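Trainee: final.cif is reproduced below (mmCIF, C-alpha atoms).
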data_upload
loop_
_atom_site.group_PDB
_atom_site.id
_atom_site.type_symbol
_atom_site.label_atom_id
_atom_site.label_comp_id
_atom_site.auth_asym_id
_atom_site.auth_seq_id
_atom_site.Cartn_x
_atom_site.Cartn_y
_atom_site.Cartn_z
ATOM 1 C CA MET A 1 45.996 -50.816 30.504
ATOM 2 C CA ARG A 2 46.602 -49.809 34.099
ATOM 3 C CA ILE A 3 49.699 -49.808 36.315
ATOM 4 C CA THR A 4 48.759 -52.029 39.234
ATOM 5 C CA ASP A 5 52.064 -52.190 41.127
ATOM 6 C CA LEU A 6 55.587 -50.728 41.304
ATOM 7 C CA GLN A 7 58.179 -52.845 43.107
ATOM 8 C CA TYR A 8 61.779 -51.927 43.796
ATOM 9 C CA GLN A 9 64.353 -54.485 42.747
ATOM 10 C CA ARG A 10 67.178 -55.598 45.039
ATOM 11 C CA ASN A 11 69.550 -52.792 44.046
ATOM 12 C CA LYS A 12 66.877 -50.231 45.029
ATOM 13 C CA LYS A 13 67.547 -48.109 41.949
ATOM 14 C CA ARG A 14 65.434 -50.148 39.579
ATOM 15 C CA ILE A 15 61.717 -50.703 39.611
ATOM 16 C CA ASN A 16 59.540 -53.516 38.267
ATOM 17 C CA VAL A 17 56.384 -52.239 36.621
ATOM 18 C CA PHE A 18 53.233 -54.380 36.755
ATOM 19 C CA ILE A 19 50.396 -53.757 34.312
ATOM 20 C CA ASP A 20 47.006 -55.321 34.880
ATOM 21 C CA ASN A 21 48.490 -57.397 37.715
ATOM 22 C CA GLU A 22 51.289 -58.881 35.590
ATOM 23 C CA PHE A 23 54.965 -57.977 35.390
ATOM 24 C CA SER A 24 55.591 -55.885 32.262
ATOM 25 C CA PHE A 25 59.079 -54.357 32.361
ATOM 26 C CA GLY A 26 61.816 -52.946 34.584
ATOM 27 C CA ILE A 27 63.021 -49.346 34.579
ATOM 28 C CA ASP A 28 65.586 -47.158 36.279
ATOM 29 C CA GLU A 29 64.210 -45.170 39.209
ATOM 30 C CA GLU A 30 65.154 -41.969 37.363
ATOM 31 C CA LEU A 31 62.555 -42.737 34.693
ATOM 32 C CA LYS A 32 59.788 -43.238 37.245
ATOM 33 C CA PHE A 33 60.184 -39.611 38.271
ATOM 34 C CA LYS A 34 60.894 -38.283 34.797
ATOM 35 C CA TYR A 35 57.696 -39.816 33.392
ATOM 36 C CA SER A 36 55.701 -39.382 36.635
ATOM 37 C CA ILE A 37 54.691 -43.036 36.823
ATOM 38 C CA HIS A 38 52.241 -43.991 39.586
ATOM 39 C CA ILE A 39 50.087 -46.923 40.564
ATOM 40 C CA ASP A 40 46.621 -46.728 38.968
ATOM 41 C CA ASP A 41 47.880 -44.686 35.994
ATOM 42 C CA GLU A 42 46.207 -45.605 32.740
ATOM 43 C CA ILE A 43 48.847 -46.033 30.031
ATOM 44 C CA SER A 44 48.963 -46.759 26.306
ATOM 45 C CA PRO A 45 51.171 -49.139 24.281
ATOM 46 C CA GLU A 46 52.856 -46.047 22.823
ATOM 47 C CA PHE A 47 53.727 -44.830 26.315
ATOM 48 C CA ILE A 48 55.277 -48.201 27.141
ATOM 49 C CA GLU A 49 57.364 -48.060 23.954
ATOM 50 C CA ASP A 50 58.587 -44.579 24.893
ATOM 51 C CA ILE A 51 59.580 -45.749 28.375
ATOM 52 C CA ILE A 52 61.436 -48.788 27.043
ATOM 53 C CA ARG A 53 63.325 -46.634 24.504
ATOM 54 C CA ALA A 54 64.218 -44.186 27.262
ATOM 55 C CA GLU A 55 65.414 -47.085 29.418
ATOM 56 C CA GLU A 56 67.736 -48.329 26.668
ATOM 57 C CA GLN A 57 69.061 -44.819 26.122
ATOM 58 C CA LEU A 58 69.751 -44.366 29.823
ATOM 59 C CA LYS A 59 71.593 -47.697 29.905
ATOM 60 C CA SER A 60 73.721 -46.610 26.955
ATOM 61 C CA ASN A 61 74.556 -43.284 28.627
ATOM 62 C CA ASN A 62 75.419 -44.963 31.914
ATOM 63 C CA GLN A 63 77.592 -47.578 30.212
ATOM 64 C CA ALA A 64 79.590 -44.776 28.561
ATOM 65 C CA LEU A 65 79.977 -42.990 31.894
ATOM 66 C CA ARG A 66 81.259 -46.198 33.490
ATOM 67 C CA LEU A 67 83.880 -46.508 30.759
ATOM 68 C CA LEU A 68 84.966 -42.914 31.311
ATOM 69 C CA SER A 69 85.274 -43.481 35.066
ATOM 70 C CA PHE A 70 88.337 -45.678 34.384
ATOM 71 C CA ARG A 71 90.166 -43.386 31.944
ATOM 72 C CA GLN A 72 89.684 -40.752 29.259
ATOM 73 C CA ARG A 73 88.456 -42.083 25.934
ATOM 74 C CA SER A 74 88.017 -40.749 22.436
ATOM 75 C CA GLU A 75 84.656 -40.494 20.723
ATOM 76 C CA LYS A 76 85.475 -43.490 18.528
ATOM 77 C CA GLU A 77 86.462 -45.608 21.535
ATOM 78 C CA ILE A 78 83.105 -44.946 23.187
ATOM 79 C CA GLU A 79 81.213 -45.725 19.974
ATOM 80 C CA GLU A 80 83.038 -49.021 19.467
ATOM 81 C CA ALA A 81 82.619 -50.067 23.098
ATOM 82 C CA LEU A 82 78.869 -49.430 22.965
ATOM 83 C CA ARG A 83 78.530 -51.390 19.712
ATOM 84 C CA ARG A 84 80.283 -54.337 21.343
ATOM 85 C CA LYS A 85 77.715 -54.144 24.143
ATOM 86 C CA GLY A 86 74.924 -54.380 21.567
ATOM 87 C CA TYR A 87 73.504 -50.849 21.625
ATOM 88 C CA ASN A 88 71.949 -49.660 18.375
ATOM 89 C CA GLU A 89 73.243 -46.752 16.322
ATOM 90 C CA GLU A 90 70.493 -44.395 17.466
ATOM 91 C CA ASN A 91 71.338 -45.000 21.131
ATOM 92 C CA ILE A 92 75.029 -44.516 20.411
ATOM 93 C CA LEU A 93 74.433 -41.288 18.505
ATOM 94 C CA HIS A 94 72.379 -39.832 21.364
ATOM 95 C CA THR A 95 74.935 -40.991 23.942
ATOM 96 C CA ILE A 96 77.787 -39.292 22.092
ATOM 97 C CA ASP A 97 75.725 -36.099 21.878
ATOM 98 C CA TYR A 98 74.960 -36.330 25.616
ATOM 99 C CA LEU A 99 78.650 -36.809 26.467
ATOM 100 C CA LYS A 100 79.740 -33.897 24.299
ATOM 101 C CA ARG A 101 77.084 -31.516 25.634
ATOM 102 C CA ASN A 102 78.139 -32.287 29.189
ATOM 103 C CA LYS A 103 81.881 -32.086 28.416
ATOM 104 C CA TYR A 104 82.507 -35.723 29.304
ATOM 105 C CA ILE A 105 84.359 -36.305 26.028
ATOM 106 C CA ASP A 106 86.417 -33.917 23.940
ATOM 107 C CA ASP A 107 88.745 -35.309 21.279
ATOM 108 C CA GLU A 108 90.900 -32.188 21.294
ATOM 109 C CA TYR A 109 91.520 -32.379 25.045
ATOM 110 C CA PHE A 110 91.978 -36.155 24.770
ATOM 111 C CA THR A 111 94.626 -35.695 22.059
ATOM 112 C CA LYS A 112 96.660 -33.207 24.088
ATOM 113 C CA SER A 113 96.521 -35.382 27.214
ATOM 114 C CA PHE A 114 97.323 -38.586 25.341
ATOM 115 C CA ILE A 115 100.401 -37.092 23.673
ATOM 116 C CA GLY A 116 101.725 -35.691 26.949
ATOM 117 C CA ASP A 117 101.190 -38.935 28.835
ATOM 118 C CA LYS A 118 102.734 -41.164 26.177
ATOM 119 C CA GLN A 119 105.786 -38.942 25.812
ATOM 120 C CA ASN A 120 106.390 -38.306 29.506
ATOM 121 C CA LEU A 121 105.212 -41.545 31.103
ATOM 122 C CA ASN A 122 105.830 -44.142 28.379
ATOM 123 C CA GLY A 123 108.667 -42.560 26.417
ATOM 124 C CA TYR A 124 106.881 -43.051 23.107
ATOM 125 C CA GLY A 125 108.120 -41.474 19.897
ATOM 126 C CA SER A 126 105.902 -39.548 17.514
ATOM 127 C CA GLN A 127 105.389 -42.438 15.081
ATOM 128 C CA ARG A 128 103.822 -44.710 17.690
ATOM 129 C CA ILE A 129 101.775 -41.889 19.213
ATOM 130 C CA LYS A 130 100.417 -40.970 15.786
ATOM 131 C CA TYR A 131 99.570 -44.592 15.024
ATOM 132 C CA GLU A 132 97.687 -45.050 18.298
ATOM 133 C CA LEU A 133 95.777 -41.784 17.920
ATOM 134 C CA ILE A 134 94.665 -42.778 14.423
ATOM 135 C CA LYS A 135 93.401 -46.097 15.828
ATOM 136 C CA LYS A 136 91.401 -44.127 18.378
ATOM 137 C CA GLY A 137 89.716 -42.137 15.621
ATOM 138 C CA ILE A 138 91.527 -38.837 16.159
ATOM 139 C CA SER A 139 91.550 -36.643 13.056
ATOM 140 C CA LYS A 140 94.697 -35.917 11.088
ATOM 141 C CA GLU A 141 94.182 -32.214 11.768
ATOM 142 C CA LEU A 142 94.179 -32.644 15.544
ATOM 143 C CA ILE A 143 97.227 -34.899 15.435
ATOM 144 C CA GLU A 144 99.167 -32.402 13.330
ATOM 145 C CA ASN A 145 98.149 -29.526 15.610
ATOM 146 C CA TYR A 146 99.405 -31.123 18.817
ATOM 147 C CA LEU A 147 102.013 -33.724 17.850
ATOM 148 C CA LEU A 148 104.736 -31.261 16.964
ATOM 149 C CA ASP A 149 107.641 -32.310 14.760
ATOM 150 C CA ASN A 150 110.740 -31.573 16.832
ATOM 151 C CA PRO A 151 113.581 -33.985 15.967
ATOM 152 C CA ASP A 152 115.937 -32.510 18.563
ATOM 153 C CA GLU A 153 113.499 -33.034 21.439
ATOM 154 C CA GLU A 154 112.607 -36.487 20.170
ATOM 155 C CA TYR A 155 116.282 -37.430 19.975
ATOM 156 C CA GLU A 156 116.851 -36.306 23.562
ATOM 157 C CA LEU A 157 113.888 -38.357 24.778
ATOM 158 C CA ALA A 158 115.037 -41.424 22.828
ATOM 159 C CA LEU A 159 118.563 -41.024 24.185
ATOM 160 C CA LYS A 160 117.245 -40.807 27.740
ATOM 161 C CA ILE A 161 115.165 -43.985 27.610
ATOM 162 C CA ALA A 162 117.835 -45.854 25.618
ATOM 163 C CA SER A 163 120.506 -44.971 28.213
ATOM 164 C CA LYS A 164 118.299 -46.414 30.919
ATOM 165 C CA LYS A 165 117.538 -49.556 28.894
ATOM 166 C CA LEU A 166 121.210 -50.056 28.055
ATOM 167 C CA LYS A 167 121.938 -51.029 31.667
ATOM 168 C CA SER A 168 119.987 -54.260 31.189
ATOM 169 C CA TYR A 169 122.338 -55.360 28.380
ATOM 170 C CA ARG A 170 125.618 -55.215 30.336
ATOM 171 C CA GLU A 171 126.670 -58.790 29.653
ATOM 172 C CA GLU A 172 125.991 -58.763 25.900
ATOM 173 C CA ASP A 173 128.224 -57.924 22.945
ATOM 174 C CA LYS A 174 127.942 -54.788 20.857
ATOM 175 C CA ASN A 175 126.078 -56.368 17.927
ATOM 176 C CA SER A 176 123.509 -57.956 20.213
ATOM 177 C CA ILE A 177 122.980 -54.687 22.077
ATOM 178 C CA TRP A 178 122.701 -52.761 18.801
ATOM 179 C CA ASN A 179 119.949 -55.064 17.543
ATOM 180 C CA LYS A 180 118.030 -55.280 20.794
ATOM 181 C CA LEU A 181 118.258 -51.604 21.689
ATOM 182 C CA GLY A 182 117.411 -50.602 18.125
ATOM 183 C CA GLY A 183 114.352 -52.847 18.158
ATOM 184 C CA TYR A 184 113.302 -51.437 21.515
ATOM 185 C CA LEU A 185 113.451 -47.858 20.238
ATOM 186 C CA GLN A 186 111.603 -48.732 17.035
ATOM 187 C CA ARG A 187 108.794 -50.343 19.049
ATOM 188 C CA LYS A 188 108.627 -47.169 21.095
ATOM 189 C CA GLY A 189 107.896 -45.308 17.869
ATOM 190 C CA TYR A 190 111.135 -43.546 16.961
ATOM 191 C CA SER A 191 112.236 -43.008 13.381
ATOM 192 C CA TYR A 192 115.122 -44.877 11.774
ATOM 193 C CA GLU A 193 117.177 -41.671 11.740
ATOM 194 C CA ILE A 194 116.756 -41.041 15.450
ATOM 195 C CA VAL A 195 117.320 -44.681 16.379
ATOM 196 C CA SER A 196 120.544 -44.767 14.359
ATOM 197 C CA LYS A 197 121.785 -41.535 15.918
ATOM 198 C CA VAL A 198 121.089 -42.776 19.447
ATOM 199 C CA LEU A 199 122.809 -46.108 18.803
ATOM 200 C CA ARG A 200 125.892 -44.379 17.416
ATOM 201 C CA THR A 201 126.018 -42.056 20.387
ATOM 202 C CA LEU A 202 125.769 -44.834 22.966
ATOM 203 C CA LEU A 203 127.670 -47.659 21.303
ATOM 204 C CA GLU A 204 130.388 -46.231 19.079
ATOM 205 C CA ASP A 205 133.043 -46.556 21.813
ATOM 206 C CA ARG A 206 132.045 -50.008 23.102
#
What does this structure look like when you write it as structure tokens?
Mentor:
Amino acid sequence: MRITDLQYQRNKKRINVFIDNEFSFGIDEELKFKYSIHIDDEISPEFIEDIIRAEEQLKSNNQALRLLSFRQRSEKEIEEALRRKGYNEENILHTIDYLKRNKYIDDEYFTKSFIGDKQNLNGYGSQRIKYELIKKGISKELIENYLLDNPDEEYELALKIASKKLKSYREEDKNSIWNKLGGYLQRKGYSYEIVSKVLRTLLEDR
């Protein structure tokens, strides 16, 4: 078998490979240089299989990089996203290894950033943060290391966001506010004890 033509596709980064004057497969330009592919090269079926496997692996890697260009993600999030796209387990395994080696993903760094963002930007309590981290595949050890148990700080944060939310309930009676504000804080991930303390602080004189 002989490569008889190499034609760039419209996006100029992909190339159509023709073997014995017939279209055979398309590859990323990167692979043309990596495998030193030229017109008139004699190739074997095994070489074609290697190229096609490399093409699938490159697609998997690039898909993961596209996902990471939008926001940080945990290892599990990347794995699940690639499975939904139809990549096989071998591709996914190699992609995760590639991302780790190049410091594109790091569950420890992700955990620290996620906790800080959810506390400071979303006002989440520790229960909801823990639940969401578990869903993202973060280990119990990492969660315990960085999601510190500090009831006093958590109370102050809950009080702050509850005070702000309270302004939207001006026209309602105490019982209605108690139920709505309590539900709001619970959805934010605060414990029953903290929610009760905040409600007593804000509503006992109403």
Trainee: Which residue, A:Gly189, A:Ile177, A:Thr95, A:Lys164, has the smallest gap to Lys118 of chain A when you use all atoms listed in the file?
Mentor: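 Ranked by minimum distance to Lys118 of chain A, first place goes to A:Gly189.
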Trainee: On this structure, the PyMOL selection byres ((chain A and resi 81-85) around 12) would catch which residues? List them as JSON, numbers by chain, sorted by chain and number.
Mentor: {"A": [56, 57, 59, 60, 61, 62, 63, 64, 65, 66, 67, 68, 73, 74, 75, 76, 77, 78, 79, 80, 86, 87, 88, 89, 90, 91, 92, 93, 94, 95, 96, 136]}
Trainee: Restricted to C-alpha atoms, what would the selected residues look like written as a JSON list (two decimals), keeping the file's coordinate frame?
Mentor:
[["chain", "number", "residue", "atom", "x", "y", "z"],
["A", 56, "GLU", "CA", 67.74, -48.33, 26.67],
["A", 57, "GLN", "CA", 69.06, -44.82, 26.12],
["A", 59, "LYS", "CA", 71.59, -47.70, 29.90],
["A", 60, "SER", "CA", 73.72, -46.61, 26.96],
["A", 61, "ASN", "CA", 74.56, -43.28, 28.63],
["A", 62, "ASN", "CA", 75.42, -44.96, 31.91],
["A", 63, "GLN", "CA", 77.59, -47.58, 30.21],
["A", 64, "ALA", "CA", 79.59, -44.78, 28.56],
["A", 65, "LEU", "CA", 79.98, -42.99, 31.89],
["A", 66, "ARG", "CA", 81.26, -46.20, 33.49],
["A", 67, "LEU", "CA", 83.88, -46.51, 30.76],
["A", 68, "LEU", "CA", 84.97, -42.91, 31.31],
["A", 73, "ARG", "CA", 88.46, -42.08, 25.93],
["A", 74, "SER", "CA", 88.02, -40.75, 22.44],
["A", 75, "GLU", "CA", 84.66, -40.49, 20.72],
["A", 76, "LYS", "CA", 85.48, -43.49, 18.53],
["A", 77, "GLU", "CA", 86.46, -45.61, 21.54],
["A", 78, "ILE", "CA", 83.10, -44.95, 23.19],
["A", 79, "GLU", "CA", 81.21, -45.72, 19.97],
["A", 80, "GLU", "CA", 83.04, -49.02, 19.47],
["A", 86, "GLY", "CA", 74.92, -54.38, 21.57],
["A", 87, "TYR", "CA", 73.50, -50.85, 21.62],
["A", 88, "ASN", "CA", 71.95, -49.66, 18.38],
["A", 89, "GLU", "CA", 73.24, -46.75, 16.32],
["A", 90, "GLU", "CA", 70.49, -44.40, 17.47],
["A", 91, "ASN", "CA", 71.34, -45.00, 21.13],
["A", 92, "ILE", "CA", 75.03, -44.52, 20.41],
["A", 93, "LEU", "CA", 74.43, -41.29, 18.50],
["A", 94, "HIS", "CA", 72.38, -39.83, 21.36],
["A", 95, "THR", "CA", 74.94, -40.99, 23.94],
["A", 96, "ILE", "CA", 77.79, -39.29, 22.09],
["A", 136, "LYS", "CA", 91.40, -44.13, 18.38]]
Trainee: Please measure the separation of atom CA of Ile115 of chain A and atom CA of Arg71 of chain A, giving the value in Å to one decimal.
Mentor: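 Here the two named atoms are 14.6 Å from each other.
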Trainee: Once the PyMOL selection byres ((chain A and resi 191) around 12) has been applied to the shown file, what residues remain in the selection, as a ChimeraX atom specification?
Mentor: /A:124-128,149,151,154-155,158,182-190,192-198
Trainee: Box for segment 196-203 of chain A - axis-aligned, 6 Å on each of the six sides, all listed atoms - centre and size in Å to one decimal, as AutoDock Vina command-line options.
Mentor:
--center_x 124.1 --center_y -44.6 --center_z 18.7 --size_x 19.1 --size_y 18.1 --size_z 20.6
Trainee: Please determine, counting all atoms listed in the file, which residue among A:Ile52, A:Ile39, A:Lys180, A:Ile15 has the shortest atom-to-atom distance to Ile3 of chain A.
Mentor: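 Looking at the shortest contact to Ile3 of chain A, the residue is A:Ile39.
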Trainee: Of the candidates A:Asn179, A:Glu108, A:Ile161, A:Glu30, which one gets nearest to Gly123 of chain A if we count all atoms listed in the file?
Mentor: A:Ile161
Trainee: With the PyMOL selection byres ((chain A and resi 51) around 10) as the selection, what would be picked from this file? Answer as number ranges by chain, please.
Mentor: A: 25-27, 31-32, 34-35, 45-50, 52-57
Trainee: Quote the spacing between atom CA of His38 of chain A and atom CA of Tyr8 of chain A in Å to one decimal place.
Mentor: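 About the pair atom CA of His38 of chain A and atom CA of Tyr8 of chain A: they are 13.1 Å apart.
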